[in-house]
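Q: Could you have a look at this structure, given as structure tokens, before my questions?
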Amino acid sequence: MTAANTQVQPRKKGLTRRQKRSLSRGVQYAVFVAAVIAFAFSADWGRLKNQFAQADIADQMFPDVITLALKNTVLYTLSGFVVGLVLGMVIALMRLSSVGPYRWFAGVYIEIFRGLPALLIFIFIGVAVPLAFPGTEIIGGTYGKVALALGLVAAAYMAETIRAGIQAVPKGQLEAARSLGFSPARAMVSIIIPQAFRIILPPLTNELVLLFKDSSLVLFLGVTLEERELSKYGRDLASTTANSTPILVAGLCYLLVTIPLGFVVRRMEAKAQEAVK
């Protein structure tokens, strides 16, 4: 056997794993850019502008879209959040209670109000409650009805969030408080719950964002012109002007609130992760 025959032929090398990843990213970027370009050239921007971006119609919405519609939306959201937080705290403590009926009631409440669409809750508050209790008026009128409807929905989610936060606090904290002479209730209020809220603050803020959008369901309660929120205000003007510009402006007003809140949530989540590390 000659030396030429015994010489091993070098194997051809393929792409490395890093090169494959770079190639895959490049293909994905190319597909994305191509899709954006195709959309940009295929859309009829002139018709979109005429239907959604009439400057004169948008000008007519100010300042009422801020001083009336956005103000009402914020008030509805905050009132619903407060009701949901208080009720959610009660439901969470009932869920953790050693008393069986409390736990069963809390479990049934959470399953029902997490499973039902928020729309049905609004219809129930606006229609079923007056039928069941004739002559009964909810305190606060429309604002009270919205706060109750949003609060009932939010409480089911907040209760589970609060329960998880309480259980995330090390048990040694409660034992240490008891050793110092704290009663179980005082230890829960003074030691456990404050620590739990530091843990659950990001998801609670995220719940506030969701409630801000759900406040658009207030239209099913029947509101006056002075009680309209952003969605109702935008839809009414869109019907009056036969143009969708008011809906776009209302959507931008939602983003003025939800985008900063989303940024706050991400910052709080990042700080919570840093604290864990």
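All residue names refer to the structure tokens as shown: chains lettered A, B, ... in order, residues numbered from 1 in each chain, ligands numbered from 1 in order.
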Mind listing the helix (DSSP H, G or I) residues of range 40-205 of chain A, per DSSP on the backbone, as a VMD selection string?
A: chain A and resid 40 to 42 45 to 52 55 to 60 64 to 96 100 to 115 118 to 132 141 to 168 171 to 179 184 to 205
Q: Residues of range 45-121 of chain A within 7 Å of range 218-239 of chain A: nearest atom pair and distance (Å, one decimal) for each, counting only C-alpha atoms, sorted by chain and number, as JSON lines?
A:
```
{"residue": "A:Ala69", "atom": "CA", "partner": "A:Glu229", "partner_atom": "CA", "distance": 4.3}
{"residue": "A:Leu70", "atom": "CA", "partner": "A:Leu230", "partner_atom": "CA", "distance": 5.8}
{"residue": "A:Asn72", "atom": "CA", "partner": "A:Glu229", "partner_atom": "CA", "distance": 5.4}
{"residue": "A:Thr73", "atom": "CA", "partner": "A:Glu229", "partner_atom": "CA", "distance": 5.0}
```
Q: Could you turn the residues from that selection into a file that holds all heavy atoms, as a compact mmCIF listing (two decimals), in the first residue's frame?
A:
```txt
# COMPACT_ATOMS: atom_id res chain seq x y z
N ALA A 69 -63.87 62.27 28.49
CA ALA A 69 -63.82 60.83 28.22
C ALA A 69 -62.66 60.15 28.96
O ALA A 69 -62.86 59.13 29.64
CB ALA A 69 -63.70 60.59 26.71
N LEU A 70 -61.46 60.69 28.82
CA LEU A 70 -60.31 60.07 29.48
C LEU A 70 -60.44 60.18 31.00
O LEU A 70 -60.09 59.25 31.73
CB LEU A 70 -59.02 60.74 29.00
CG LEU A 70 -57.72 60.17 29.58
CD1 LEU A 70 -57.59 58.68 29.28
CD2 LEU A 70 -56.51 60.93 29.06
N ASN A 72 -63.22 60.23 32.79
CA ASN A 72 -64.18 59.23 33.24
C ASN A 72 -63.59 57.82 33.19
O ASN A 72 -63.82 57.01 34.09
CB ASN A 72 -65.45 59.27 32.38
CG ASN A 72 -66.34 60.45 32.73
OD1 ASN A 72 -66.29 60.97 33.84
ND2 ASN A 72 -67.16 60.88 31.78
N THR A 73 -62.81 57.54 32.15
CA THR A 73 -62.19 56.22 32.04
C THR A 73 -61.25 55.96 33.21
O THR A 73 -61.23 54.88 33.80
CB THR A 73 -61.41 56.10 30.72
OG1 THR A 73 -62.32 56.31 29.63
CG2 THR A 73 -60.79 54.73 30.57
```
Q: Find the residues around Leu248 in chain A up to 9 Å (only C-alpha atoms counted), leave out those fewer than 5 positions away in its own chain, and share them as a list in words.
A: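 Using only C-alpha atoms, the neighbours found are Phe52, Ala53, Gly234 and Cys253 of chain A.
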Q: Go ahead and save the picked residues with C-alpha atoms, as a compact mmCIF listing (two decimals), in the first residue's frame.
A:
```
# COMPACT_ATOMS: atom_id res chain seq x y z
CA PHE A 52 -59.06 57.29 10.15
CA ALA A 53 -56.90 60.44 10.06
CA GLY A 234 -65.28 57.71 20.18
CA CYS A 253 -55.70 58.03 24.43
```
Q: With a distance cut-off of 8 Å and only C-alpha atoms, select the neighbouring residues of Val265 in chain A, excluding the residue or stretch itself and same-chain residues fewer than 5 positions from it, and output the selection as number ranges by chain.
A: A: 202-203, 205-206
Q: For Leu87 in chain A, please output as a VMD selection string all residues within 8 Å (counting only C-alpha atoms; exclusion window: fewer than 4 positions along the same chain).
A: chain A and resid 83 91 151 to 152 155 159
Q: Taking only C-alpha atoms into account, which of A:Phe197, A:Gly172, A:Ser24, A:Gly115 comes nearest Tyr157 in chain A?
A: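 Nearest candidate to Tyr157 in chain A out of A:Phe197, A:Gly172, A:Ser24, A:Gly115: A:Gly115.
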Q: Could you jot down the CA of Glu111 in chain A to CA of Gly165 in chain A separation for me, Å, one decimal place?
A: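 Computing the Euclidean distance for CA of Glu111 in chain A and CA of Gly165 in chain A yields 19.0 Å.
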Q: Find the residues near Val90 in chain A: any atom within 10 Å, counting only C-alpha atoms, skip ones fewer than 4 places away on the same chain, and give them as number ranges by chain.
A: A: 84-86, 94-95, 106, 155, 159, 162
Q: Give me, as a ChimeraX atom specification, all polymer residues having an atom no more than 12 Å from Arg178 in chain A, counting only C-alpha atoms and skipping those fewer than 4 positions away in the same chain.
A: /A:171-174,182-188,190-192
Q: Write a file of the just-selected residues containing N, CA, C and O atoms, as a short mmCIF file (atom, residue, chain, number, x, y, z; two decimals), in the first residue's frame.
A:
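What follows is the written file part24.cif:
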```
data_model
loop_
_atom_site.label_atom_id
_atom_site.label_comp_id
_atom_site.auth_asym_id
_atom_site.auth_seq_id
_atom_site.Cartn_x
_atom_site.Cartn_y
_atom_site.Cartn_z
N LYS A 171 -42.38 31.09 55.84
CA LYS A 171 -43.15 30.80 57.05
C LYS A 171 -42.41 31.26 58.31
O LYS A 171 -43.04 31.53 59.33
N GLY A 172 -41.10 31.36 58.23
CA GLY A 172 -40.33 31.81 59.37
C GLY A 172 -40.69 33.21 59.80
O GLY A 172 -40.53 33.58 60.99
N GLN A 173 -41.19 34.04 58.87
CA GLN A 173 -41.60 35.40 59.20
C GLN A 173 -42.78 35.38 60.18
O GLN A 173 -42.80 36.13 61.16
N LEU A 174 -43.73 34.50 59.90
CA LEU A 174 -44.89 34.39 60.80
C LEU A 174 -44.48 33.80 62.15
O LEU A 174 -44.93 34.28 63.20
N PHE A 182 -46.93 38.60 68.80
CA PHE A 182 -47.96 39.04 67.88
C PHE A 182 -49.08 37.99 67.82
O PHE A 182 -48.81 36.78 67.79
N SER A 183 -50.31 38.45 67.76
CA SER A 183 -51.42 37.54 67.50
C SER A 183 -51.39 37.14 66.03
O SER A 183 -50.77 37.83 65.21
N PRO A 184 -52.06 36.04 65.64
CA PRO A 184 -52.06 35.65 64.21
C PRO A 184 -52.58 36.75 63.29
O PRO A 184 -52.00 36.99 62.22
N ALA A 185 -53.66 37.45 63.71
CA ALA A 185 -54.21 38.51 62.87
C ALA A 185 -53.25 39.68 62.74
O ALA A 185 -53.03 40.21 61.65
N ARG A 186 -52.65 40.07 63.86
CA ARG A 186 -51.72 41.20 63.83
C ARG A 186 -50.47 40.85 63.04
O ARG A 186 -49.93 41.69 62.31
N ALA A 187 -49.99 39.62 63.17
CA ALA A 187 -48.82 39.21 62.40
C ALA A 187 -49.12 39.22 60.91
O ALA A 187 -48.27 39.63 60.10
N MET A 188 -50.33 38.81 60.54
CA MET A 188 -50.71 38.80 59.13
C MET A 188 -50.76 40.23 58.59
O MET A 188 -50.24 40.52 57.49
N SER A 190 -49.45 43.11 59.93
CA SER A 190 -48.25 43.94 60.11
C SER A 190 -47.00 43.38 59.46
O SER A 190 -46.12 44.15 59.06
N ILE A 191 -46.92 42.05 59.33
CA ILE A 191 -45.68 41.42 58.85
C ILE A 191 -45.85 40.77 57.48
O ILE A 191 -45.11 41.07 56.54
N ILE A 192 -46.84 39.90 57.35
CA ILE A 192 -46.96 39.06 56.16
C ILE A 192 -47.49 39.85 54.96
O ILE A 192 -46.89 39.83 53.87
#
```
